[in-house]
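Novice: This is data.tsv, which holds TSV, C-alpha atoms:
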chain	number	residue	atom	x	y	z
T	18	MET	CA	56.47	-26.03	223.75
T	19	ASN	CA	56.00	-29.44	225.14
T	20	LYS	CA	57.40	-31.30	222.21
T	21	ARG	CA	61.08	-32.30	222.34
T	22	GLY	CA	61.72	-31.38	218.75
T	23	GLN	CA	60.75	-27.76	219.37
T	24	LEU	CA	62.96	-27.64	222.45
T	25	VAL	CA	65.94	-28.88	220.45
T	26	ILE	CA	65.24	-26.31	217.71
T	27	LEU	CA	65.00	-23.56	220.33
T	28	ALA	CA	68.23	-24.77	221.90
T	29	SER	CA	69.99	-24.88	218.55
T	30	VAL	CA	68.80	-21.39	217.64
T	31	SER	CA	70.02	-20.10	221.03
T	32	LEU	CA	73.35	-21.80	220.53
T	33	MET	CA	73.61	-20.35	217.05
T	34	ILE	CA	72.97	-16.85	218.36
T	35	ALA	CA	75.58	-17.41	221.05
T	36	ILE	CA	78.15	-18.55	218.51
T	37	ILE	CA	77.46	-15.60	216.22
T	38	ALA	CA	77.73	-13.24	219.18
T	39	MET	CA	80.98	-14.89	220.19
T	40	ALA	CA	82.32	-14.54	216.64
T	41	ALA	CA	81.37	-10.86	216.65
T	42	ILE	CA	83.13	-10.31	219.98
T	43	VAL	CA	86.27	-12.10	218.81
T	44	THR	CA	86.28	-10.12	215.57
T	45	ALA	CA	85.84	-6.84	217.41
T	46	GLY	CA	88.70	-7.77	219.74
T	47	ASP	CA	90.87	-8.74	216.82
T	48	LEU	CA	90.14	-5.44	215.09
T	49	ARG	CA	91.08	-3.59	218.25
T	50	ILE	CA	94.38	-5.50	218.42
T	51	ARG	CA	95.03	-4.79	214.77
T	52	ARG	CA	94.38	-1.09	215.24
T	53	SER	CA	96.71	-1.00	218.25
T	54	GLN	CA	99.39	-2.68	216.15
T	55	GLU	CA	98.94	-0.06	213.46
T	56	VAL	CA	99.63	2.59	216.08
T	57	SER	CA	102.86	0.86	217.05
T	58	PHE	CA	103.92	0.48	213.41
T	59	PRO	CA	103.60	3.92	211.84
T	60	VAL	CA	105.31	3.58	208.46
T	61	SER	CA	104.84	7.24	207.64
T	62	ILE	CA	106.83	8.29	210.72
T	63	LEU	CA	109.57	5.74	210.02
T	64	ASN	CA	109.66	6.87	206.41
T	65	ALA	CA	110.04	10.53	207.35
T	66	VAL	CA	112.80	9.80	209.85
T	67	ASP	CA	114.57	7.48	207.42
T	68	ASP	CA	114.38	9.65	204.31
T	69	ALA	CA	114.91	13.10	205.83
T	70	PRO	CA	118.76	12.86	205.91
T	71	ARG	CA	118.78	11.82	202.25
T	72	ALA	CA	116.44	14.69	201.35
T	73	LEU	CA	118.65	17.15	203.25
T	74	THR	CA	121.76	15.76	201.56
T	75	ALA	CA	120.16	16.19	198.13
T	76	ALA	CA	119.04	19.73	199.02
T	77	LEU	CA	122.52	20.65	200.27
T	78	SER	CA	124.07	19.05	197.22
T	79	LEU	CA	121.99	21.23	194.87
T	80	ALA	CA	122.56	24.32	197.02
T	81	SER	CA	126.34	23.78	197.12
T	82	GLU	CA	126.43	23.50	193.32
T	83	VAL	CA	124.58	26.80	193.02
T	84	TYR	CA	126.88	28.40	195.59
T	85	MET	CA	129.98	27.18	193.76
T	86	ASN	CA	128.72	28.56	190.44
T	87	THR	CA	127.24	31.86	191.65
T	88	GLY	CA	128.64	32.55	195.11
T	89	ASP	CA	125.12	33.69	196.03
T	90	LEU	CA	123.97	32.30	199.38
T	91	ASP	CA	120.37	33.48	198.89
T	92	GLU	CA	120.10	31.65	195.62
T	93	ALA	CA	121.57	28.55	197.22
T	94	ASN	CA	118.99	28.80	200.02
T	95	GLU	CA	116.16	29.16	197.49
T	96	THR	CA	117.37	26.05	195.66
T	97	ALA	CA	117.39	24.02	198.88
T	98	SER	CA	114.00	25.40	199.86
T	99	ALA	CA	112.47	24.46	196.51
T	100	TYR	CA	113.85	20.95	196.78
T	101	LEU	CA	112.59	20.42	200.32
T	102	SER	CA	109.17	21.75	199.29
T	103	SER	CA	109.01	19.11	196.56
T	104	TRP	CA	109.94	16.47	199.16
T	105	ILE	CA	107.05	17.63	201.34
T	106	GLU	CA	104.71	17.41	198.33
T	107	ASN	CA	105.82	13.85	197.62
T	108	PHE	CA	105.52	12.86	201.27
T	109	THR	CA	102.03	14.34	201.48
T	110	ALA	CA	101.04	12.58	198.26
T	111	ALA	CA	102.37	9.23	199.51
T	112	TYR	CA	100.44	9.42	202.77
T	113	SER	CA	97.42	11.37	201.60
T	114	GLY	CA	94.29	10.55	203.51
T	115	LYS	CA	96.18	9.33	206.57
T	116	GLY	CA	96.30	12.64	208.38
T	117	VAL	CA	100.10	12.86	208.30
T	118	VAL	CA	101.76	16.23	207.77
T	119	ALA	CA	105.50	16.98	207.64
T	120	TYR	CA	107.53	20.12	207.14
T	121	PHE	CA	111.12	21.37	207.38
T	122	THR	CA	112.71	24.51	208.73
T	123	PHE	CA	116.38	24.76	207.81
T	124	ASN	CA	119.51	26.85	207.68
T	125	ILE	CA	122.44	26.47	205.30
T	126	ASP	CA	125.98	27.50	206.06
T	127	PHE	CA	128.99	27.53	203.72
T	128	GLN	CA	132.44	28.44	205.02
T	129	TRP	CA	134.70	27.98	202.05
T	130	TYR	CA	137.02	30.90	201.63
T	131	ASP	CA	138.58	31.46	205.03
T	132	PRO	CA	142.31	30.80	204.94
T	133	GLU	CA	141.95	28.90	208.20
T	134	PRO	CA	139.97	25.75	208.92
T	135	PRO	CA	137.33	24.58	209.48
T	136	TRP	CA	135.77	24.72	206.04
T	137	LEU	CA	132.25	23.42	205.80
T	138	SER	CA	129.03	22.95	203.86
T	139	ILE	CA	126.28	22.22	206.34
T	140	ILE	CA	122.51	22.22	206.51
T	141	THR	CA	120.84	22.17	209.91
T	142	ALA	CA	117.16	21.34	209.80
T	143	ASN	CA	114.20	20.73	212.00
T	144	LEU	CA	111.70	18.18	210.75
T	145	THR	CA	108.23	18.28	212.25
T	146	VAL	CA	105.84	15.40	211.62
T	147	LYS	CA	102.25	15.65	212.76
T	148	ALA	CA	100.40	12.35	212.70
T	149	GLU	CA	97.55	12.66	215.16
T	150	PRO	CA	95.68	9.57	213.88
T	151	LEU	CA	98.81	7.56	214.72
T	152	GLY	CA	99.23	9.12	218.14
T	153	PHE	CA	101.96	11.64	217.28
T	154	TYR	CA	100.78	15.16	217.92
T	155	ALA	CA	104.05	16.74	216.79
T	156	LEU	CA	107.26	14.77	216.44
T	157	LYS	CA	110.25	17.11	216.12
T	158	LEU	CA	113.65	15.94	214.98
T	159	ASN	CA	116.87	17.89	214.47
T	160	TYR	CA	119.32	16.99	211.73
T	161	THR	CA	122.74	18.30	210.83
T	162	VAL	CA	123.94	17.09	207.46
T	163	GLY	CA	127.01	18.06	205.46
T	164	LEU	CA	130.79	18.09	205.25
T	165	LEU	CA	133.33	19.48	207.67
T	166	VAL	CA	136.99	19.83	206.71
T	167	ILE	CA	139.57	20.08	209.47
T	168	ASN	CA	143.23	19.48	210.24
T	169	PRO	CA	144.97	20.75	207.14
T	170	ASN	CA	148.48	19.62	206.83
T	171	VAL	CA	150.07	21.85	204.22
T	172	VAL	CA	153.53	20.91	203.12
T	173	VAL	CA	155.32	23.87	201.63
T	174	SER	CA	158.76	23.89	200.21
T	175	VAL	CA	160.59	26.91	201.54
T	176	VAL	CA	162.70	27.41	198.46
T	177	GLY	CA	160.54	28.60	195.62
T	178	LYS	CA	157.38	29.03	197.72
T	179	LYS	CA	155.50	26.26	196.01
T	180	ILE	CA	152.73	24.17	197.43
T	181	ASP	CA	153.80	20.60	197.13
T	182	ALA	CA	150.97	18.86	198.89
T	183	PHE	CA	148.30	19.12	201.48
T	184	ASN	CA	146.24	16.74	203.52
T	185	VAL	CA	142.79	17.47	204.86
T	186	THR	CA	140.45	15.46	207.04
T	187	VAL	CA	136.90	15.43	205.66
T	188	ILE	CA	134.07	14.42	207.98
T	189	ASP	CA	130.50	13.48	207.08
T	190	VAL	CA	128.76	15.35	209.88
T	191	PHE	CA	125.57	13.26	209.93
T	192	LYS	CA	127.40	9.94	210.09
T	193	ASN	CA	130.20	11.43	212.18
T	194	MET	CA	132.85	9.62	210.19
T	195	GLY	CA	135.71	10.47	207.90
T	196	VAL	CA	135.07	10.07	204.19
T	197	PRO	CA	137.04	10.07	200.92
T	198	VAL	CA	136.26	12.84	198.44
T	199	SER	CA	136.48	13.45	194.73
T	200	ILE	CA	137.91	16.61	193.20
T	201	ILE	CA	135.60	18.94	191.31
T	202	LYS	CA	138.19	21.56	190.43
T	203	ILE	CA	141.27	23.31	191.73
T	204	ASP	CA	141.75	27.03	191.28
T	205	ILE	CA	145.26	28.38	191.61
T	206	ILE	CA	146.02	31.96	192.52
T	207	LYS	CA	149.06	32.82	190.49
T	208	LYS	CA	151.85	35.00	191.72
T	209	PRO	CA	153.54	37.29	189.23
T	210	THR	CA	156.75	35.65	188.27
T	211	GLY	CA	155.26	35.70	184.82
T	212	GLU	CA	152.01	37.68	184.30
T	213	GLY	CA	149.61	35.98	181.96
T	214	LEU	CA	151.54	32.79	182.14
T	215	GLU	CA	149.28	29.76	181.95
T	216	LEU	CA	149.96	27.34	184.73
T	217	PRO	CA	148.65	23.96	183.79
T	218	ILE	CA	148.18	21.51	186.60
T	219	ARG	CA	151.24	19.41	186.14
T	220	LYS	CA	150.10	16.15	187.59
T	221	LEU	CA	147.61	15.61	190.33
T	222	HIS	CA	148.12	12.91	192.84
T	223	TYR	CA	145.33	11.97	195.17
T	224	TYR	CA	145.75	9.67	198.13
T	225	TYR	CA	143.16	8.44	200.56
T	226	TYR	CA	144.84	7.42	203.77
T	227	GLY	CA	141.67	6.33	205.57
T	228	SER	CA	139.78	7.85	208.52
T	229	GLY	CA	138.78	10.78	206.35
T	230	ILE	CA	142.35	11.90	205.58
T	231	ASN	CA	142.57	12.94	201.94
T	232	GLY	CA	145.92	13.83	200.48
T	233	PHE	CA	146.68	15.91	197.38
T	234	GLY	CA	150.09	16.52	196.00
T	235	ASP	CA	152.55	17.47	193.29
T	236	PHE	CA	150.24	19.64	191.24
T	237	ILE	CA	151.60	23.17	191.14
T	238	PRO	CA	154.50	24.28	188.99
T	239	LYS	CA	157.51	25.20	190.97
T	240	GLY	CA	157.96	28.63	192.45
T	241	VAL	CA	154.92	30.52	191.20
T	242	SER	CA	151.79	29.87	193.25
T	243	LYS	CA	150.82	30.78	196.72
T	244	GLU	CA	147.14	29.94	197.20
T	245	ILE	CA	144.80	27.28	196.03
T	246	TYR	CA	141.05	26.74	196.21
T	247	ALA	CA	140.20	23.06	196.07
T	248	TYR	CA	136.56	22.09	195.49
T	249	LEU	CA	135.92	18.66	196.96
T	250	LYS	CA	132.81	16.51	196.72
T	251	TYR	CA	131.28	13.67	198.69
T	252	ASN	CA	127.78	12.26	198.24
T	253	GLY	CA	126.97	15.16	195.92
T	254	VAL	CA	127.83	17.80	198.53
T	255	ILE	CA	130.60	20.23	197.56
T	256	VAL	CA	132.97	21.93	199.96
T	257	CYS	CA	135.86	24.24	199.13
T	258	VAL	CA	139.11	24.52	201.04
T	259	HIS	CA	141.38	27.53	200.76
T	260	ILE	CA	145.00	26.69	201.31
T	261	VAL	CA	147.52	29.49	201.68
T	262	ALA	CA	151.16	28.57	201.51
T	263	GLU	CA	153.44	30.36	203.90
T	264	SER	CA	157.06	30.59	203.05
X	1	MET	CA	54.36	-40.09	209.94
X	2	SER	CA	54.08	-40.93	213.63
X	3	LYS	CA	54.79	-38.55	216.49
X	4	GLY	CA	58.06	-40.28	217.25
X	5	GLN	CA	59.26	-39.98	213.65
X	6	ILE	CA	58.40	-36.25	213.59
X	7	ARG	CA	60.39	-35.73	216.76
X	8	ILE	CA	63.37	-37.60	215.30
X	9	VAL	CA	63.22	-35.58	212.07
X	10	GLY	CA	62.90	-32.35	214.11
X	11	ALA	CA	65.87	-33.29	216.25
X	12	VAL	CA	68.01	-34.19	213.23
X	13	ALA	CA	67.05	-30.94	211.49
X	14	ALA	CA	67.87	-28.94	214.61
X	15	LEU	CA	71.22	-30.63	215.02
X	16	SER	CA	71.98	-30.05	211.35
X	17	ILE	CA	71.27	-26.35	211.77
X	18	VAL	CA	73.55	-26.26	214.82
X	19	PHE	CA	76.40	-27.98	212.97
X	20	ILE	CA	76.04	-25.84	209.87
X	21	PHE	CA	76.04	-22.56	211.78
X	22	THR	CA	78.85	-23.72	214.04
X	23	ALA	CA	80.94	-24.53	210.98
X	24	ILE	CA	80.14	-21.18	209.39
X	25	SER	CA	80.92	-19.32	212.62
X	26	LEU	CA	84.22	-21.14	213.13
X	27	ARG	CA	85.21	-20.42	209.58
X	28	TYR	CA	84.34	-16.77	210.08
X	29	ILE	CA	86.42	-16.61	213.28
X	30	ASP	CA	89.34	-18.36	211.57
X	31	MET	CA	89.28	-15.94	208.63
X	32	ALA	CA	89.08	-12.95	210.93
X	33	GLU	CA	92.27	-13.97	212.72
X	34	ALA	CA	94.30	-15.56	209.99
X	35	LEU	CA	94.11	-12.90	207.29
X	36	PRO	CA	95.44	-9.96	209.27
X	37	ARG	CA	98.37	-12.02	210.56
X	38	ARG	CA	99.25	-13.04	207.05
X	39	ASN	CA	98.92	-9.43	205.87
X	40	GLN	CA	101.13	-8.18	208.68
X	41	ALA	CA	103.85	-10.66	207.81
X	42	LEU	CA	103.54	-9.74	204.16
X	43	PHE	CA	103.65	-6.04	205.03
X	44	ARG	CA	106.86	-6.53	207.00
X	45	SER	CA	108.39	-8.54	204.15
X	46	GLY	CA	107.47	-5.77	201.74
X	47	LEU	CA	108.96	-3.11	203.96
X	48	SER	CA	112.15	-5.17	204.34
X	49	ALA	CA	112.35	-5.49	200.57
X	50	ILE	CA	112.03	-1.72	200.15
X	51	ASN	CA	114.68	-1.02	202.80
X	52	ALA	CA	117.03	-3.58	201.26
X	53	ALA	CA	116.48	-2.05	197.83
X	54	ILE	CA	117.22	1.44	199.18
X	55	SER	CA	120.32	0.54	201.20
X	56	SER	CA	121.83	-1.57	198.40
X	57	GLY	CA	121.35	1.11	195.74
X	58	ALA	CA	119.08	-1.22	193.75
X	59	ILE	CA	116.49	1.51	193.22
X	60	ASP	CA	119.08	3.88	191.75
X	61	ASP	CA	120.24	1.07	189.47
X	62	PHE	CA	116.62	0.35	188.51
X	63	ILE	CA	116.05	4.00	187.61
X	64	ASP	CA	119.22	3.84	185.52
X	65	GLY	CA	117.81	0.83	183.67
X	66	ASP	CA	119.36	-2.11	185.52
X	67	LYS	CA	116.61	-4.11	187.23
X	68	SER	CA	118.65	-7.22	188.10
X	69	LEU	CA	119.56	-6.31	191.70
X	70	LEU	CA	116.05	-5.11	192.54
X	71	LEU	CA	114.54	-8.26	191.06
X	72	MET	CA	116.91	-10.42	193.10
X	73	ILE	CA	116.02	-8.53	196.30
X	74	LEU	CA	112.27	-8.82	195.70
X	75	ASN	CA	112.51	-12.51	194.84
X	76	ASN	CA	114.55	-13.26	197.94
X	77	THR	CA	112.82	-11.00	200.45
X	78	LEU	CA	109.16	-11.57	199.63
X	79	PRO	CA	107.53	-14.92	200.48
X	80	LEU	CA	107.71	-17.76	197.99
X	81	HIS	CA	105.17	-17.58	195.14
X	82	SER	CA	104.51	-13.90	195.76
X	83	SER	CA	103.09	-11.72	193.04
X	84	PHE	CA	104.48	-8.21	193.16
X	85	ASN	CA	104.32	-4.90	191.39
X	86	PHE	CA	107.09	-2.44	192.26
X	87	THR	CA	106.54	1.09	190.98
X	88	VAL	CA	108.83	4.08	191.41
X	89	TYR	CA	107.50	7.39	190.21
X	90	THR	CA	108.03	11.08	190.34
X	91	TYR	CA	106.09	13.90	188.67
X	92	SER	CA	106.46	12.85	185.07
X	93	ILE	CA	108.44	9.62	185.18
X	94	LYS	CA	107.31	6.14	186.15
X	95	TYR	CA	109.35	2.94	186.43
X	96	GLU	CA	107.57	-0.36	186.93
X	97	LEU	CA	108.70	-3.90	187.70
X	98	CYS	CA	106.29	-6.81	188.17
X	99	ASN	CA	106.34	-10.58	187.93
X	100	VAL	CA	102.60	-10.98	187.27
X	101	ALA	CA	100.63	-8.64	185.04
X	102	ASN	CA	97.37	-8.49	186.97
X	103	PHE	CA	96.63	-9.58	190.49
X	104	GLU	CA	94.64	-8.50	193.50
X	105	PRO	CA	97.19	-7.11	196.03
X	106	GLU	CA	96.88	-8.21	199.64
X	107	VAL	CA	99.24	-5.47	200.78
X	108	THR	CA	100.10	-2.08	199.30
X	109	ILE	CA	103.02	-0.10	200.75
X	110	HIS	CA	103.79	3.53	199.97
X	111	TYR	CA	107.27	4.84	200.71
X	112	VAL	CA	109.08	8.08	199.93
X	113	TYR	CA	112.66	7.72	198.71
X	114	THR	CA	115.19	10.43	197.96
X	115	SER	CA	117.92	9.45	195.55
X	116	ILE	CA	121.08	11.38	196.33
X	117	ALA	CA	122.60	10.19	193.06
X	118	HIS	CA	119.69	11.55	190.99
X	119	LYS	CA	118.93	14.44	193.36
X	120	ARG	CA	115.25	13.59	193.16
X	121	THR	CA	112.53	12.34	195.46
X	122	TYR	CA	110.43	9.39	194.31
X	123	ILE	CA	107.35	7.64	195.63
X	124	ILE	CA	107.65	3.87	195.78
X	125	ILE	CA	104.50	1.74	195.64
X	126	LEU	CA	104.91	-1.96	196.32
X	127	LYS	CA	101.88	-4.22	195.82
X	128	VAL	CA	102.18	-7.81	196.96
X	129	ALA	CA	99.99	-10.88	197.07
X	130	VAL	CA	100.96	-14.43	197.91
X	131	GLY	CA	99.95	-16.92	195.27
X	132	GLY	CA	98.65	-14.29	192.89
Can you give me the file's structure in the form of structure tokens?

Specialist:
Amino acid sequence: MNKRGQLVILASVSLMIAIIAMAAIVTAGDLRIRRSQEVSFPVSILNAVDDAPRALTAALSLASEVYMNTGDLDEANETASAYLSSWIENFTAAYSGKGVVAYFTFNIDFQWYDPEPPWLSIITANLTVKAEPLGFYALKLNYTVGLLVINPNVVVSVVGKKIDAFNVTVIDVFKNMGVPVSIIKIDIIKKPTGEGLELPIRKLHYYYYGSGINGFGDFIPKGVSKEIYAYLKYNGVIVCVHIVAES
Amino acid sequence: MSKGQIRIVGAVAALSIVFIFTAISLRYIDMAEALPRRNQALFRSGLSAINAAISSGAIDDFIDGDKSLLLMILNNTLPLHSSFNFTVYTYSIKYELCNVANFEPEVTIHYVYTSIAHKRTYIIILKVAVGG
């Protein structure tokens, strides 16, 4: 080892080993940083939190349709349950292999036929997301999604006992804001000034005043009706209001 | 060849080895740092594109057969010269939109989307690469 050339070769080999070691250390550090960033950016968790209200709205929408057609709360619950199960299947499929598990527990409530407000179609749910590889042992979130109808303003003409118009305030419970609705159908309970008499809806006027105040008017023939059931819809969710006219 | 010449050749060879390995090492270090950063930026762009598509209703339009809004969002949200493949599927139905037929994706994002209008849950898969 007394020749300079050998010394230089030895030095270069040492330097090379040092550089490779340095590169390995930097890479390992970079990988660690990347993994820590993955922990702080868990898409699956964000996705569950973001999509859960939409899934609950769709489930409630389907359940409210079933409830309107059958009046069977159990069947409505089963419909919502089946839909939410399919959501879980899709979520599991999308994040398969990442150790992320999600599930819902929920309760549906329809208050449609009381003569007094509030009327409502609501689903309250608890979403649990377990994502241990991402550092979430069990993330639990509560959601309340649906429609709440309050403040009816029924205008009744005293002479002839007809319902001229009514205003209701419809609130999207999840967003906590008033919303406009569309009309699915209006059922009229006829009073017997003429049994068997067909009572066509004369002309329906709908007004949206803003702030969730929806107005309906001029739709019942004079002097014959006392009660109406109005089925209203927003974002696919149906709610029914039961207006009783008092003379 | 004299002793001095051998030493010079040995020294030159040694230095060459040092330079070559240094260059290789530096390139390795550069790749190790640069690629993840680029992927992270691309991942965020992809996620922004998906969120924009969801909030604007572009995915519902796309499912209904109108791809124009989704295409505009992808073209404007993803980096310039990106190749993308946007797939929306459910059990039996699959909708696909891409600007390049075949490419090696740098980033693949999975996202679950519930369409209130269609009362269905879909899985979105967005594959993106810059340059294609």

Novice: Which residue gives the smallest distance to chain X among T:Tyr224, T:Tyr246, T:Phe108, T:Phe121, with only C-alpha atoms counted?

Specialist: T:Phe108

Novice: May I have a table of the residues of chain T lying at most 9 Å from chain X, giving each one's closest pair of atoms and their distance in Å to one decimal, counting all atoms listed in the file, ordered by chain and ascending residue number, as JSON lines?

Specialist:
{"residue": "T:Lys20", "atom": "CA", "partner": "X:Arg7", "partner_atom": "CA", "distance": 7.6}
{"residue": "T:Arg21", "atom": "CA", "partner": "X:Arg7", "partner_atom": "CA", "distance": 6.6}
{"residue": "T:Gly22", "atom": "CA", "partner": "X:Gly10", "partner_atom": "CA", "distance": 4.9}
{"residue": "T:Gln23", "atom": "CA", "partner": "X:Gly10", "partner_atom": "CA", "distance": 7.3}
{"residue": "T:Leu24", "atom": "CA", "partner": "X:Ala11", "partner_atom": "CA", "distance": 8.9}
{"residue": "T:Val25", "atom": "CA", "partner": "X:Ala11", "partner_atom": "CA", "distance": 6.1}
{"residue": "T:Ile26", "atom": "CA", "partner": "X:Ala14", "partner_atom": "CA", "distance": 4.8}
{"residue": "T:Leu27", "atom": "CA", "partner": "X:Ala14", "partner_atom": "CA", "distance": 8.4}
{"residue": "T:Ala28", "atom": "CA", "partner": "X:Ala14", "partner_atom": "CA", "distance": 8.4}
{"residue": "T:Ser29", "atom": "CA", "partner": "X:Val18", "partner_atom": "CA", "distance": 5.3}
{"residue": "T:Val30", "atom": "CA", "partner": "X:Val18", "partner_atom": "CA", "distance": 7.4}
{"residue": "T:Leu32", "atom": "CA", "partner": "X:Val18", "partner_atom": "CA", "distance": 7.2}
{"residue": "T:Met33", "atom": "CA", "partner": "X:Phe21", "partner_atom": "CA", "distance": 6.2}
{"residue": "T:Ile36", "atom": "CA", "partner": "X:Ser25", "partner_atom": "CA", "distance": 6.6}
{"residue": "T:Ile37", "atom": "CA", "partner": "X:Ser25", "partner_atom": "CA", "distance": 6.2}
{"residue": "T:Met39", "atom": "CA", "partner": "X:Ser25", "partner_atom": "CA", "distance": 8.8}
{"residue": "T:Ala40", "atom": "CA", "partner": "X:Ile29", "partner_atom": "CA", "distance": 5.7}
{"residue": "T:Ala41", "atom": "CA", "partner": "X:Ile29", "partner_atom": "CA", "distance": 8.4}
{"residue": "T:Val43", "atom": "CA", "partner": "X:Ile29", "partner_atom": "CA", "distance": 7.1}
{"residue": "T:Thr44", "atom": "CA", "partner": "X:Ala32", "partner_atom": "CA", "distance": 6.1}
{"residue": "T:Asp47", "atom": "CA", "partner": "X:Glu33", "partner_atom": "CA", "distance": 6.8}
{"residue": "T:Leu48", "atom": "CA", "partner": "X:Ala32", "partner_atom": "CA", "distance": 8.7}
{"residue": "T:Arg51", "atom": "CA", "partner": "X:Pro36", "partner_atom": "CA", "distance": 7.6}
{"residue": "T:Val60", "atom": "CA", "partner": "X:Tyr111", "partner_atom": "CA", "distance": 8.1}
{"residue": "T:Ser61", "atom": "CA", "partner": "X:Tyr111", "partner_atom": "CA", "distance": 7.7}
{"residue": "T:Asn64", "atom": "CA", "partner": "X:Tyr111", "partner_atom": "CA", "distance": 6.5}
{"residue": "T:Ala65", "atom": "CA", "partner": "X:Val112", "partner_atom": "CA", "distance": 7.9}
{"residue": "T:Asp67", "atom": "CA", "partner": "X:Tyr113", "partner_atom": "CA", "distance": 8.9}
{"residue": "T:Asp68", "atom": "CA", "partner": "X:Tyr113", "partner_atom": "CA", "distance": 6.2}
{"residue": "T:Ala69", "atom": "CA", "partner": "X:Thr114", "partner_atom": "CA", "distance": 8.3}
{"residue": "T:Arg71", "atom": "CA", "partner": "X:Thr114", "partner_atom": "CA", "distance": 5.8}
{"residue": "T:Ala72", "atom": "CA", "partner": "X:Thr114", "partner_atom": "CA", "distance": 5.6}
{"residue": "T:Thr74", "atom": "CA", "partner": "X:Ile116", "partner_atom": "CA", "distance": 6.9}
{"residue": "T:Ala75", "atom": "CA", "partner": "X:Ile116", "partner_atom": "CA", "distance": 5.2}
{"residue": "T:Ala76", "atom": "CA", "partner": "X:Lys119", "partner_atom": "CA", "distance": 7.7}
{"residue": "T:Ser78", "atom": "CA", "partner": "X:Lys119", "partner_atom": "CA", "distance": 7.9}
{"residue": "T:Leu79", "atom": "CA", "partner": "X:Lys119", "partner_atom": "CA", "distance": 7.6}
{"residue": "T:Tyr100", "atom": "CA", "partner": "X:Arg120", "partner_atom": "CA", "distance": 8.3}
{"residue": "T:Ser103", "atom": "CA", "partner": "X:Thr121", "partner_atom": "CA", "distance": 7.7}
{"residue": "T:Trp104", "atom": "CA", "partner": "X:Thr121", "partner_atom": "CA", "distance": 6.1}
{"residue": "T:Asn107", "atom": "CA", "partner": "X:Ile123", "partner_atom": "CA", "distance": 6.7}
{"residue": "T:Phe108", "atom": "CA", "partner": "X:Val112", "partner_atom": "CA", "distance": 6.1}
{"residue": "T:Ala110", "atom": "CA", "partner": "X:Ile123", "partner_atom": "CA", "distance": 8.4}
{"residue": "T:Ala111", "atom": "CA", "partner": "X:His110", "partner_atom": "CA", "distance": 5.9}
{"residue": "T:Tyr112", "atom": "CA", "partner": "X:His110", "partner_atom": "CA", "distance": 7.3}
{"residue": "T:Asn252", "atom": "CA", "partner": "X:Ile116", "partner_atom": "CA", "distance": 7.0}
{"residue": "T:Gly253", "atom": "CA", "partner": "X:Ile116", "partner_atom": "CA", "distance": 7.0}

Novice: Around the point (118.0, 25.9, 205.7), in the coordinates given by the file, pick out the residues reaching within 7 Å, counting all atoms listed in the file, and return them as a list in words.

Specialist: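 Looking at atoms near the point gives Asn94, Thr122, Phe123, Asn124, Ile125, Ile140, Thr141 and Ala142 of chain T.
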
Novice: For the atom pair atom CA of Ser92 of chain X and atom CA of Glu92 of chain T, what is the interatomic distance in Å to one decimal place?

Specialist: 25.5 Å

Novice: Counting all atoms listed in the file, I want the residues whose atoms come within 9 Å of (100.5, -11.5, 198.5) in the file frame, returned as a count of residues only.

Specialist: 19

Novice: So how far away is atom CA of Leu249 of chain T from atom CA of Val196 of chain T, in Å?

Specialist: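 Spanning atom CA of Val196 of chain T to atom CA of Leu249 of chain T is a straight-line distance of 11.3 Å.
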
Novice: If we count all atoms listed in the file and set the cut-off at 9 Å, which residues sit around Ile50 of chain X, ignoring sequence neighbours fewer than 5 positions away in its own chain? Please answer as an NGL selection string.

Specialist: :X and (45 or 55 or 59 or 73-74 or 111 or 124 or 126)

Novice: Keeping only C-alpha atoms, write the selected residues as a compact mmCIF listing (two decimals), keeping the file's coordinate frame.

Specialist:
# COMPACT_ATOMS: atom_id res chain seq x y z
CA SER X 45 108.39 -8.54 204.15
CA SER X 55 120.32 0.54 201.20
CA ILE X 59 116.49 1.51 193.22
CA ILE X 73 116.02 -8.53 196.30
CA LEU X 74 112.27 -8.82 195.70
CA TYR X 111 107.27 4.84 200.71
CA ILE X 124 107.65 3.87 195.78
CA LEU X 126 104.91 -1.96 196.32

Novice: Find the residue from X:Lys67, X:Asn76, X:Val88, X:Glu96 that sits nearest to Gly46 of chain X; use all atoms listed in the file when measuring.

Specialist: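 Residue with the minimum atom-to-atom distance to Gly46 of chain X: X:Asn76.
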
Novice: Work out how far atom CA of Asp66 of chain X is from atom CA of Leu73 of chain T, in Å to one decimal.

Specialist: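 Distance reported for this atom pair: 26.2 Å.
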
Novice: Return the single residue from X:Met72, X:Tyr95, X:Phe103, X:Phe43 that is closest to Asp60 of chain X, with distances computed using all atoms listed in the file.

Specialist: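 Using all atoms listed in the file, Asp60 of chain X sits closest to X:Tyr95.
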